[in-house]
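A.B. asks: Dropping in input-v2.pdb, with PDB, C-alpha atoms.
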```
MODEL        1
ATOM      1  CA  ALA A 179    -108.510  49.719  65.121
ATOM      2  CA  ASP A 180    -105.290  50.684  66.895
ATOM      3  CA  GLU A 181    -106.610  54.152  67.731
ATOM      4  CA  LEU A 182    -109.944  52.808  68.959
ATOM      5  CA  GLU A 183    -108.139  50.299  71.150
ATOM      6  CA  ARG A 184    -105.778  52.962  72.500
ATOM      7  CA  PHE A 185    -108.714  55.102  73.624
ATOM      8  CA  GLU A 186    -111.133  52.352  74.609
ATOM      9  CA  SER A 187    -111.285  53.622  78.213
ATOM     10  CA  VAL A 188    -112.408  57.099  77.049
ATOM     11  CA  ALA A 189    -116.103  57.539  77.830
ATOM     12  CA  ASN A 190    -117.043  59.417  74.641
ATOM     13  CA  LYS A 191    -115.519  58.400  71.310
ATOM     14  CA  MET A 192    -116.442  60.142  68.046
ATOM     15  CA  ALA A 193    -115.650  59.601  64.363
ATOM     16  CA  ILE A 194    -116.150  61.784  61.293
ATOM     17  CA  TYR A 195    -116.005  60.657  57.675
ATOM     18  CA  HIS A 196    -117.604  61.433  54.336
ATOM     19  CA  ILE A 197    -119.727  58.598  52.907
ATOM     20  CA  PRO A 198    -122.513  57.610  55.350
ATOM     21  CA  PHE A 199    -123.074  54.050  56.508
ATOM     22  CA  TYR A 200    -126.715  55.060  56.943
ATOM     23  CA  PRO A 201    -127.579  57.587  54.204
ATOM     24  CA  SER A 202    -130.590  59.862  54.284
ATOM     25  CA  HIS A 203    -130.743  60.417  50.498
ATOM     26  CA  ARG A 204    -128.767  57.724  48.670
ATOM     27  CA  ASP A 205    -129.470  54.016  48.499
ATOM     28  CA  PRO A 206    -127.916  52.385  51.596
ATOM     29  CA  ASN A 207    -126.893  49.457  49.377
ATOM     30  CA  GLU A 208    -124.499  51.581  47.318
ATOM     31  CA  SER A 209    -120.922  50.297  47.510
ATOM     32  CA  GLY A 210    -119.522  53.056  49.753
ATOM     33  CA  SER A 211    -122.161  52.614  52.448
ATOM     34  CA  LYS A 212    -122.019  48.815  52.279
ATOM     35  CA  SER A 213    -118.225  48.809  52.560
ATOM     36  CA  GLY A 214    -118.350  51.122  55.571
ATOM     37  CA  ARG A 215    -120.789  48.862  57.365
ATOM     38  CA  LYS A 216    -118.784  45.753  56.438
ATOM     39  CA  TYR A 217    -115.332  46.933  57.508
ATOM     40  CA  TRP A 218    -115.874  49.695  60.068
ATOM     41  CA  LEU A 219    -119.144  48.853  61.797
ATOM     42  CA  PRO A 220    -117.702  45.835  63.664
ATOM     43  CA  LEU A 221    -114.942  48.052  65.053
ATOM     44  CA  PHE A 222    -117.361  50.808  66.069
ATOM     45  CA  ASP A 223    -119.478  48.224  67.877
ATOM     46  CA  ALA A 224    -116.541  46.442  69.512
ATOM     47  CA  TYR A 225    -115.038  49.613  70.957
ATOM     48  CA  GLY A 226    -118.281  51.392  71.796
ATOM     49  CA  LEU A 227    -118.177  54.401  69.458
ATOM     50  CA  THR A 228    -120.422  57.116  70.900
ATOM     51  CA  VAL A 229    -121.336  59.038  67.757
ATOM     52  CA  ALA A 230    -120.424  59.058  64.066
ATOM     53  CA  PHE A 231    -120.651  62.278  62.057
ATOM     54  CA  GLU A 232    -121.586  61.366  58.481
ATOM     55  CA  ASN A 233    -121.697  63.589  55.403
ATOM     56  CA  HIS A 234    -122.259  63.404  51.621
ATOM     57  CA  ASP A 235    -126.080  63.494  51.461
ATOM     58  CA  HIS A 236    -126.729  67.197  52.288
ATOM     59  CA  LEU A 237    -129.617  66.675  54.709
ATOM     60  CA  MET A 238    -130.186  66.772  58.462
ATOM     61  CA  LYS A 239    -130.267  63.206  59.787
ATOM     62  CA  ARG A 240    -130.326  61.570  63.204
ATOM     63  CA  THR A 241    -130.501  57.814  63.432
ATOM     64  CA  LYS A 242    -131.741  55.531  66.137
ATOM     65  CA  LEU A 243    -128.991  54.094  68.306
ATOM     66  CA  LEU A 244    -127.570  51.258  66.211
ATOM     67  CA  LYS A 245    -125.427  48.209  66.902
ATOM     68  CA  ALA A 246    -124.797  45.185  64.654
ATOM     69  CA  ASN A 247    -126.784  47.011  61.965
ATOM     70  CA  ARG A 248    -130.011  47.121  63.973
ATOM     71  CA  PRO A 249    -131.609  49.375  66.627
ATOM     72  CA  ASP A 250    -130.021  48.877  70.040
ATOM     73  CA  ASP A 251    -130.153  51.138  73.101
ATOM     74  CA  ALA A 252    -126.460  50.366  73.698
ATOM     75  CA  GLY A 253    -125.478  51.358  70.158
ATOM     76  CA  THR A 254    -123.910  54.263  68.277
ATOM     77  CA  LEU A 255    -125.650  57.462  67.168
ATOM     78  CA  TYR A 256    -125.149  58.449  63.507
ATOM     79  CA  ILE A 257    -125.833  62.077  62.617
ATOM     80  CA  GLY A 258    -125.319  64.200  59.510
ATOM     81  CA  ASP A 259    -125.435  64.458  56.625
ATOM     82  CA  GLY A 260    -123.270  67.490  55.876
ATOM     83  CA  CYS A 261    -125.641  70.256  54.776
ATOM     84  CA  PHE A 262    -124.363  73.824  54.790
ATOM     85  CA  GLY A 263    -123.377  75.681  51.631
ATOM     86  CA  LYS A 264    -124.518  72.833  49.385
ATOM     87  CA  THR A 265    -127.742  72.126  47.506
ATOM     88  CA  ILE A 266    -130.280  70.416  49.747
ATOM     89  CA  ARG A 267    -131.246  66.943  48.593
ATOM     90  CA  THR A 268    -134.459  64.988  49.057
ATOM     91  CA  ALA A 269    -134.949  62.721  52.065
ATOM     92  CA  ASP A 270    -135.427  59.550  50.009
ATOM     93  CA  GLN A 271    -134.550  57.264  52.952
ATOM     94  CA  ALA A 272    -136.921  58.875  55.465
ATOM     95  CA  SER A 273    -138.695  55.551  56.045
ATOM     96  CA  ALA A 274    -135.512  53.470  56.450
ATOM     97  CA  PHE A 275    -135.411  51.341  59.596
ATOM     98  CA  TYR A 276    -132.443  53.270  60.981
ATOM     99  CA  ILE A 277    -133.811  56.815  60.636
ATOM    100  CA  GLU A 278    -135.126  58.551  63.751
ATOM    101  CA  LYS A 279    -135.398  62.019  62.213
ATOM    102  CA  VAL A 280    -134.553  63.615  58.868
ATOM    103  CA  GLU A 281    -135.225  67.114  57.537
ATOM    104  CA  GLU A 282    -134.379  68.922  54.322
ATOM    105  CA  LYS A 283    -132.629  71.845  56.027
ATOM    106  CA  ARG A 284    -129.233  73.483  56.037
ATOM    107  CA  HIS A 285    -127.910  73.202  59.553
ATOM    108  CA  PHE A 286    -125.018  72.654  61.893
ATOM    109  CA  TRP A 287    -124.772  70.495  65.009
ATOM    110  CA  LEU A 288    -123.972  71.893  68.438
ATOM    111  CA  VAL A 289    -122.351  69.101  70.469
ATOM    112  CA  GLU A 290    -122.050  69.395  74.253
ATOM    113  CA  VAL A 291    -119.760  66.840  75.891
ATOM    114  CA  PRO A 292    -119.808  66.790  79.706
ATOM    115  CA  GLU A 293    -117.006  65.912  82.055
ATOM    116  CA  ASN A 294    -116.777  62.146  82.607
ATOM    117  CA  ASP A 295    -117.956  62.384  86.209
ATOM    118  CA  SER A 296    -120.689  64.968  85.676
ATOM    119  CA  GLY A 297    -123.526  62.430  85.653
ATOM    120  CA  SER A 298    -124.816  63.498  82.240
ATOM    121  CA  ALA A 299    -124.229  62.311  78.675
ATOM    122  CA  PRO A 300    -123.395  64.062  75.383
ATOM    123  CA  ALA A 301    -126.162  66.219  73.915
ATOM    124  CA  PHE A 302    -126.707  67.165  70.264
ATOM    125  CA  THR A 303    -128.634  70.173  68.973
ATOM    126  CA  ALA A 304    -129.443  70.870  65.297
ATOM    127  CA  ILE A 305    -129.573  74.577  64.421
ATOM    128  CA  ASP A 306    -130.736  75.901  61.055
ATOM    129  CA  GLU A 307    -129.243  78.747  59.003
ATOM    130  CA  ASN A 308    -131.502  81.255  60.773
ATOM    131  CA  GLY A 309    -130.311  80.207  64.217
ATOM    132  CA  ASN A 310    -133.428  78.216  65.095
ATOM    133  CA  ILE A 311    -133.158  74.969  67.041
ATOM    134  CA  PHE A 312    -135.163  72.242  65.307
ATOM    135  CA  ASP A 313    -133.853  69.079  66.914
ATOM    136  CA  SER A 314    -132.187  68.132  70.191
ATOM    137  CA  TYR A 315    -131.166  64.810  71.669
ATOM    138  CA  GLU A 316    -129.252  63.639  74.732
ATOM    139  CA  LEU A 317    -127.725  60.193  74.705
ATOM    140  CA  PRO A 318    -128.894  57.831  77.433
ATOM    141  CA  LYS A 319    -126.373  56.860  80.074
ATOM    142  CA  LYS A 320    -124.703  53.531  79.440
ATOM    143  CA  LEU A 321    -122.432  51.345  81.543
ATOM    144  CA  SER A 322    -121.042  48.325  79.713
ATOM    145  CA  VAL A 323    -118.282  45.757  80.096
ATOM    146  CA  SER A 324    -117.083  42.745  78.128
ATOM    147  CA  ILE A 325    -114.239  40.236  78.413
ATOM    148  CA  SER A 326    -111.594  41.021  75.780
ATOM    149  CA  ASP A 327    -108.979  38.403  76.715
ATOM    150  CA  PRO A 328    -108.746  35.431  76.757
ATOM    151  CA  ASN A 329    -110.810  34.435  73.727
ATOM    152  CA  ASN A 330    -113.360  31.635  73.819
ATOM    153  CA  ALA A 331    -111.120  29.072  72.121
ATOM    154  CA  ASP A 332    -107.908  29.853  74.047
ATOM    155  CA  THR A 333    -106.232  27.039  75.948
ATOM    156  CA  PHE A 334    -103.658  27.138  78.750
ATOM    157  CA  SER A 335    -101.269  24.742  80.426
ATOM    158  CA  GLN A 336    -101.857  23.499  83.947
ATOM    159  CA  ASP A 337    -100.542  25.979  86.568
ATOM    160  CA  GLU A 338    -100.178  28.722  83.926
ATOM    161  CA  ILE A 339    -100.991  32.234  85.141
ATOM    162  CA  ILE A 340    -103.909  33.529  83.066
ATOM    163  CA  THR A 341    -104.366  37.239  82.402
ATOM    164  CA  ILE A 342    -108.032  38.216  82.116
ATOM    165  CA  ARG A 343    -108.852  41.599  80.599
ATOM    166  CA  ALA A 344    -112.103  43.480  80.155
ATOM    167  CA  ASN A 345    -113.211  46.521  78.186
ATOM    168  CA  ALA A 346    -115.405  48.749  80.338
ATOM    169  CA  PHE A 347    -116.811  52.219  79.791
ATOM    170  CA  TYR A 348    -119.544  54.415  81.180
ATOM    171  CA  ARG A 349    -121.211  56.957  78.935
ATOM    172  CA  GLY A 350    -122.220  59.741  81.282
ATOM    173  CA  GLY A 351    -119.811  58.856  84.067
ATOM    174  CA  SER A 352    -116.659  56.931  84.927
ATOM    175  CA  VAL A 353    -116.082  53.251  85.677
ATOM    176  CA  ALA A 354    -115.350  52.743  89.380
ATOM    177  CA  SER A 355    -114.423  49.058  89.273
ATOM    178  CA  VAL A 356    -114.699  45.818  87.326
ATOM    179  CA  GLU A 357    -115.199  42.483  89.085
ATOM    180  CA  PHE A 358    -114.343  39.217  87.337
ATOM    181  CA  PHE A 359    -116.181  35.922  87.761
ATOM    182  CA  GLN A 360    -115.535  32.288  86.818
ATOM    183  CA  ASN A 361    -118.777  30.333  86.538
ATOM    184  CA  GLY A 362    -120.385  32.894  88.838
ATOM    185  CA  ILE A 363    -117.627  32.826  91.459
ATOM    186  CA  ALA A 364    -115.628  36.040  92.032
ATOM    187  CA  ILE A 365    -111.932  35.643  91.184
ATOM    188  CA  GLY A 366    -110.683  39.235  91.354
ATOM    189  CA  SER A 367    -111.364  42.891  90.661
ATOM    190  CA  SER A 368    -109.769  45.966  89.103
ATOM    191  CA  GLY A 369    -110.221  49.562  90.195
ATOM    192  CA  SER A 370    -108.635  51.353  87.248
ATOM    193  CA  ALA A 371    -108.077  50.986  83.503
ATOM    194  CA  PRO A 372    -106.780  48.916  81.895
ATOM    195  CA  HIS A 373    -109.026  46.486  83.740
ATOM    196  CA  GLU A 374    -107.290  43.140  84.150
ATOM    197  CA  ILE A 375    -106.417  40.507  86.754
ATOM    198  CA  GLN A 376    -104.035  37.580  87.035
ATOM    199  CA  TRP A 377    -105.765  34.240  87.662
ATOM    200  CA  PHE A 378    -103.582  31.749  89.533
ATOM    201  CA  ASN A 379    -104.178  28.009  89.960
ATOM    202  CA  ALA A 380    -107.095  27.793  87.562
ATOM    203  CA  PRO A 381    -108.696  24.327  87.814
ATOM    204  CA  LEU A 382    -108.621  22.034  84.814
ATOM    205  CA  GLY A 383    -111.548  22.129  82.417
ATOM    206  CA  GLY A 384    -113.651  24.715  80.652
ATOM    207  CA  HIS A 385    -114.616  27.957  82.326
ATOM    208  CA  GLY A 386    -117.198  30.653  81.759
ATOM    209  CA  LEU A 387    -115.675  34.077  82.380
ATOM    210  CA  THR A 388    -117.798  37.171  82.959
ATOM    211  CA  ALA A 389    -117.274  40.687  84.266
ATOM    212  CA  VAL A 390    -119.464  43.233  86.044
ATOM    213  CA  ALA A 391    -118.703  46.963  86.039
ATOM    214  CA  THR A 392    -119.868  49.573  88.531
ATOM    215  CA  GLY A 393    -119.907  53.306  88.041
TER
ENDMDL
END
```
Can you present the structure in this file as C-alpha coordinates?
C.D. replies:
Amino acid sequence: ADELERFESVANKMAIYHIPFYPSHRDPNESGSKSGRKYWLPLFDAYGLTVAFENHDHLMKRTKLLKANRPDDAGTLYIGDGCFGKTIRTADQASAFYIEKVEEKRHFWLVEVPENDSGSAPAFTAIDENGNIFDSYELPKKLSVSISDPNNADTFSQDEIITIRANAFYRGGSVASVEFFQNGIAIGSSGSAPHEIQWFNAPLGGHGLTAVATG
(Lines of atoms letter the chains of each structure in order from A and count residues from 1; the text may use other names and numbers.)
(Lines give C-alpha, C1' and ligand atoms only; values in the text may rest on other atoms or scores of the structure.)
Protein backbone atom coordinates (compact mmCIF):
# COMPACT_ATOMS: atom_id res chain seq x y z
CA ALA A 1 0.00 0.00 0.00
CA ASP A 2 2.84 2.40 0.80
CA GLU A 3 4.45 1.87 -2.61
CA LEU A 4 1.15 2.28 -4.45
CA GLU A 5 0.47 5.49 -2.55
CA ARG A 6 3.98 6.80 -3.23
CA PHE A 7 3.51 6.36 -6.97
CA GLU A 8 -0.19 7.18 -7.23
CA SER A 9 0.52 10.11 -9.58
CA VAL A 10 2.33 7.82 -12.06
CA ALA A 11 0.11 7.25 -15.09
CA ASN A 12 0.95 3.56 -15.62
CA LYS A 13 1.36 1.26 -12.62
CA MET A 14 2.11 -2.46 -13.02
CA ALA A 15 2.39 -5.44 -10.67
CA ILE A 16 3.74 -8.96 -11.15
CA TYR A 17 3.14 -11.94 -8.88
CA HIS A 18 2.73 -15.69 -9.08
CA ILE A 19 -0.74 -16.96 -8.11
CA PRO A 20 -3.44 -15.35 -10.31
CA PHE A 21 -6.46 -13.57 -8.89
CA TYR A 22 -8.22 -14.58 -12.11
CA PRO A 23 -6.87 -18.00 -13.18
CA SER A 24 -7.26 -19.45 -16.64
CA HIS A 25 -6.83 -23.10 -15.56
CA ARG A 26 -7.39 -23.47 -11.82
CA ASP A 27 -10.57 -22.91 -9.86
CA PRO A 28 -10.81 -19.18 -9.05
CA ASN A 29 -12.18 -20.15 -5.62
CA GLU A 30 -8.93 -21.81 -4.56
CA SER A 31 -7.43 -20.18 -1.46
CA GLY A 32 -4.54 -18.38 -3.19
CA SER A 33 -6.75 -16.64 -5.74
CA LYS A 34 -9.43 -15.79 -3.17
CA SER A 35 -6.86 -14.33 -0.77
CA GLY A 36 -5.35 -12.20 -3.54
CA ARG A 37 -8.73 -10.76 -4.44
CA LYS A 38 -9.60 -10.19 -0.77
CA TYR A 39 -6.43 -8.42 0.33
CA TRP A 40 -4.86 -6.94 -2.81
CA LEU A 41 -7.77 -6.18 -5.13
CA PRO A 42 -9.05 -3.26 -3.02
CA LEU A 43 -5.60 -1.68 -3.16
CA PHE A 44 -5.27 -2.21 -6.92
CA ASP A 45 -8.66 -0.57 -7.40
CA ALA A 46 -8.02 2.30 -4.99
CA TYR A 47 -4.72 3.30 -6.59
CA GLY A 48 -5.66 2.59 -10.20
CA LEU A 49 -3.31 -0.27 -11.10
CA THR A 50 -2.91 -0.35 -14.88
CA VAL A 51 -2.02 -3.99 -15.44
CA ALA A 52 -1.25 -7.09 -13.36
CA PHE A 53 1.01 -9.81 -14.74
CA GLU A 54 -0.17 -13.14 -13.34
CA ASN A 55 1.49 -16.55 -13.58
CA HIS A 56 1.10 -20.14 -12.31
CA ASP A 57 -1.44 -21.52 -14.83
CA HIS A 58 0.80 -21.90 -17.94
CA LEU A 59 -1.63 -20.47 -20.49
CA MET A 60 -2.08 -17.24 -22.44
CA LYS A 61 -4.78 -15.16 -20.76
CA ARG A 62 -6.14 -11.64 -21.14
CA THR A 63 -9.01 -10.54 -18.97
CA LYS A 64 -11.62 -7.88 -19.43
CA LEU A 65 -10.87 -4.67 -17.58
CA LEU A 66 -11.90 -5.42 -14.00
CA LYS A 67 -12.69 -3.34 -10.93
CA ALA A 68 -14.40 -4.43 -7.69
CA ASN A 69 -14.32 -7.98 -9.07
CA ARG A 70 -16.51 -7.19 -12.08
CA PRO A 71 -16.04 -5.84 -15.64
CA ASP A 72 -15.44 -2.09 -15.65
CA ASP A 73 -13.98 0.10 -18.40
CA ALA A 74 -12.05 2.00 -15.71
CA GLY A 75 -10.54 -1.17 -14.27
CA THR A 76 -7.28 -3.13 -14.32
CA LEU A 77 -6.09 -5.50 -17.05
CA TYR A 78 -4.90 -8.94 -15.87
CA ILE A 79 -2.68 -10.88 -18.26
CA GLY A 80 -0.68 -14.10 -18.01
CA ASP A 81 -0.47 -16.84 -17.09
CA GLY A 82 3.25 -17.60 -17.28
CA CYS A 83 3.69 -20.06 -20.16
CA PHE A 84 7.17 -20.54 -21.58
CA GLY A 85 9.31 -23.58 -20.84
CA LYS A 86 6.53 -25.28 -18.88
CA THR A 87 3.88 -27.84 -19.80
CA ILE A 88 0.82 -26.16 -21.30
CA ARG A 89 -2.34 -26.65 -19.27
CA THR A 90 -5.97 -26.75 -20.33
CA ALA A 91 -8.07 -23.58 -20.43
CA ASP A 92 -10.64 -24.81 -17.91
CA GLN A 93 -11.81 -21.27 -17.07
CA ALA A 94 -12.34 -20.12 -20.67
CA SER A 95 -16.00 -19.32 -19.96
CA ALA A 96 -15.36 -17.41 -16.71
CA PHE A 97 -16.96 -13.97 -16.56
CA TYR A 98 -13.57 -12.25 -16.38
CA ILE A 99 -11.90 -13.89 -19.39
CA GLU A 100 -11.63 -11.90 -22.62
CA LYS A 101 -9.23 -14.26 -24.37
CA VAL A 102 -7.37 -17.46 -23.48
CA GLU A 103 -5.23 -19.77 -25.61
CA GLU A 104 -3.22 -22.90 -24.90
CA LYS A 105 0.05 -21.52 -26.28
CA ARG A 106 3.56 -20.85 -25.08
CA HIS A 107 4.14 -17.15 -25.45
CA PHE A 108 5.63 -13.95 -24.14
CA TRP A 109 4.11 -10.48 -23.86
CA LEU A 110 5.56 -7.45 -25.60
CA VAL A 111 4.56 -4.37 -23.58
CA GLU A 112 4.85 -0.89 -25.09
CA VAL A 113 4.48 1.98 -22.62
CA PRO A 114 4.28 5.46 -24.16
CA GLU A 115 5.47 8.72 -22.70
CA ASN A 116 2.86 10.24 -20.38
CA ASP A 117 2.10 13.11 -22.76
CA SER A 118 2.15 11.10 -25.99
CA GLY A 119 -1.64 10.82 -26.24
CA SER A 120 -1.62 7.03 -26.40
CA ALA A 121 -1.97 4.25 -23.82
CA PRO A 122 -0.01 1.06 -23.05
CA ALA A 123 -0.27 -1.70 -25.66
CA PHE A 124 0.18 -5.45 -25.14
CA THR A 125 1.11 -8.00 -27.80
CA ALA A 126 1.19 -11.79 -27.30
CA ILE A 127 3.84 -13.57 -29.38
CA ASP A 128 4.13 -17.35 -29.63
CA GLU A 129 7.30 -19.47 -29.62
CA ASN A 130 7.54 -19.20 -33.42
CA GLY A 131 7.46 -15.41 -33.35
CA ASN A 132 3.85 -15.09 -34.50
CA ILE A 133 1.60 -12.40 -33.05
CA PHE A 134 -1.70 -13.94 -31.95
CA ASP A 135 -3.18 -11.26 -29.72
CA SER A 136 -2.85 -7.49 -29.35
CA TYR A 137 -4.63 -4.98 -27.16
CA GLU A 138 -4.29 -1.28 -26.39
CA LEU A 139 -5.76 0.05 -23.19
CA PRO A 140 -8.38 2.77 -23.56
CA LYS A 141 -7.46 6.23 -22.34
CA LYS A 142 -8.74 7.01 -18.88
CA LEU A 143 -8.86 10.21 -16.84
CA SER A 144 -10.06 9.73 -13.27
CA VAL A 145 -10.07 11.60 -9.97
CA SER A 146 -11.38 10.94 -6.48
CA ILE A 147 -11.29 12.74 -3.13
CA SER A 148 -8.82 10.97 -0.82
CA ASP A 149 -8.99 13.31 2.19
CA PRO A 150 -11.00 14.17 4.21
CA ASN A 151 -13.03 11.00 4.70
CA ASN A 152 -16.82 10.98 4.76
CA ALA A 153 -17.11 10.78 8.55
CA ASP A 154 -14.42 13.36 9.39
CA THR A 155 -15.40 16.34 11.52
CA PHE A 156 -13.67 19.69 12.03
CA SER A 157 -13.85 22.58 14.45
CA GLN A 158 -15.28 25.93 13.43
CA ASP A 159 -12.66 28.12 11.67
CA GLU A 160 -10.31 25.13 11.23
CA ILE A 161 -8.34 25.10 7.98
CA ILE A 162 -9.31 21.95 6.07
CA THR A 163 -6.89 20.26 3.68
CA ILE A 164 -8.66 18.59 0.76
CA ARG A 165 -6.70 16.09 -1.32
CA ALA A 166 -7.52 14.19 -4.47
CA ASN A 167 -5.99 11.27 -6.34
CA ALA A 168 -5.93 11.98 -10.07
CA PHE A 169 -4.33 10.16 -12.98
CA TYR A 170 -4.63 10.01 -16.73
CA ARG A 171 -3.83 6.79 -18.54
CA GLY A 172 -2.57 7.92 -21.92
CA GLY A 173 -1.67 11.45 -20.89
CA SER A 174 -0.96 13.72 -17.93
CA VAL A 175 -3.28 15.52 -15.52
CA ALA A 176 -3.28 19.26 -16.21
CA SER A 177 -5.34 20.39 -13.22
CA VAL A 178 -7.83 19.33 -10.56
CA GLU A 179 -10.67 21.63 -9.49
CA PHE A 180 -12.41 21.12 -6.14
CA PHE A 181 -16.09 21.76 -5.44
CA GLN A 182 -18.27 22.02 -2.33
CA ASN A 183 -21.90 21.23 -3.12
CA GLY A 184 -21.20 22.18 -6.73
CA ILE A 185 -19.46 25.46 -5.92
CA ALA A 186 -15.77 25.81 -6.87
CA ILE A 187 -13.51 26.30 -3.84
CA GLY A 188 -10.04 25.95 -5.36
CA SER A 189 -7.81 24.18 -7.85
CA SER A 190 -4.42 22.48 -8.12
CA GLY A 191 -2.14 22.43 -11.13
CA SER A 192 0.35 19.79 -10.04
CA ALA A 193 0.59 16.63 -7.93
CA PRO A 194 0.02 16.09 -5.11
CA HIS A 195 -3.35 17.68 -5.79
CA GLU A 196 -4.63 19.45 -2.69
CA ILE A 197 -6.05 22.77 -1.50
CA GLN A 198 -6.57 24.52 1.82
CA TRP A 199 -10.21 25.39 2.54
CA PHE A 200 -10.61 28.42 4.81
CA ASN A 201 -13.77 29.56 6.61
CA ALA A 202 -15.83 26.50 5.79
CA PRO A 203 -19.46 27.10 6.83
CA LEU A 204 -20.99 24.96 9.54
CA GLY A 205 -22.83 21.81 8.52
CA GLY A 206 -22.31 18.88 6.20
CA HIS A 207 -20.66 19.29 2.83
CA GLY A 208 -20.43 17.28 -0.35
CA LEU A 209 -16.91 17.46 -1.77
CA THR A 210 -16.11 16.54 -5.36
CA ALA A 211 -13.23 17.01 -7.77
CA VAL A 212 -12.92 17.31 -11.55
CA ALA A 213 -9.67 16.60 -13.41
CA THR A 214 -8.65 17.86 -16.84
CA GLY A 215 -5.93 16.45 -19.03
A.B. asks: Figure out the distance between CA of Lys245 in chain A and CA of Glu232 in chain A, please, to one decimal in Å.
C.D. replies: 16.1 Å
A.B. asks: For Glu186 in chain A, which of A:Tyr225, A:Tyr217, A:Phe302, A:Phe359 is the closest residue, counting all atoms listed in the file?
C.D. replies: A:Tyr225
A.B. asks: From the set A:Lys191, A:Arg343, A:Arg240, A:Arg204, which residue has the shortest atom-to-atom contact distance to Phe312 in chain A, counting all atoms listed in the file?
C.D. replies: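 When distances to Phe312 in chain A are compared using all atoms listed in the file, the smallest one comes from A:Arg240.
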A.B. asks: Just want the 10 Å neighbourhood of His196 in chain A, counted on all atoms listed in the file, with same-chain residues fewer than 5 positions away dropped. Output as a ChimeraX atom specification.
C.D. replies: /A:210,231-235,258-260
A.B. asks: Determine the residue set returned by the PyMOL selection byres ((chain A and resi 376-381) around 6) for the present structure, and present it as a list in words.
C.D. replies: Asp337, Ile339, Ile340, Thr341, Ile375 and Leu382 of chain A
A.B. asks: Excluding Ser370 in chain A and its own-chain neighbours fewer than 5 positions away, which residues fall within 8 Å of it when counting only C-alpha atoms? Please give them as a ChimeraX atom specification.
C.D. replies: /A:353-355
A.B. asks: Kindly export the residues of the current selection with C-alpha atoms, as an mmCIF file, keeping the file's coordinate frame.
C.D. replies:
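Printed below is result-v3.cif as written:
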```
data_model
loop_
_atom_site.group_PDB
_atom_site.id
_atom_site.type_symbol
_atom_site.label_atom_id
_atom_site.label_comp_id
_atom_site.auth_asym_id
_atom_site.auth_seq_id
_atom_site.Cartn_x
_atom_site.Cartn_y
_atom_site.Cartn_z
ATOM 1 C CA VAL A 353 -116.082 53.251 85.677
ATOM 2 C CA ALA A 354 -115.350 52.743 89.380
ATOM 3 C CA SER A 355 -114.423 49.058 89.273
#
```
A.B. asks: From the set A:Asn207, A:Ser187, A:Thr303, A:Asn329, which residue has the shortest atom-to-atom contact distance to His285 in chain A, counting all atoms listed in the file?
C.D. replies: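 Under the stated criterion, the closest residue is A:Thr303.
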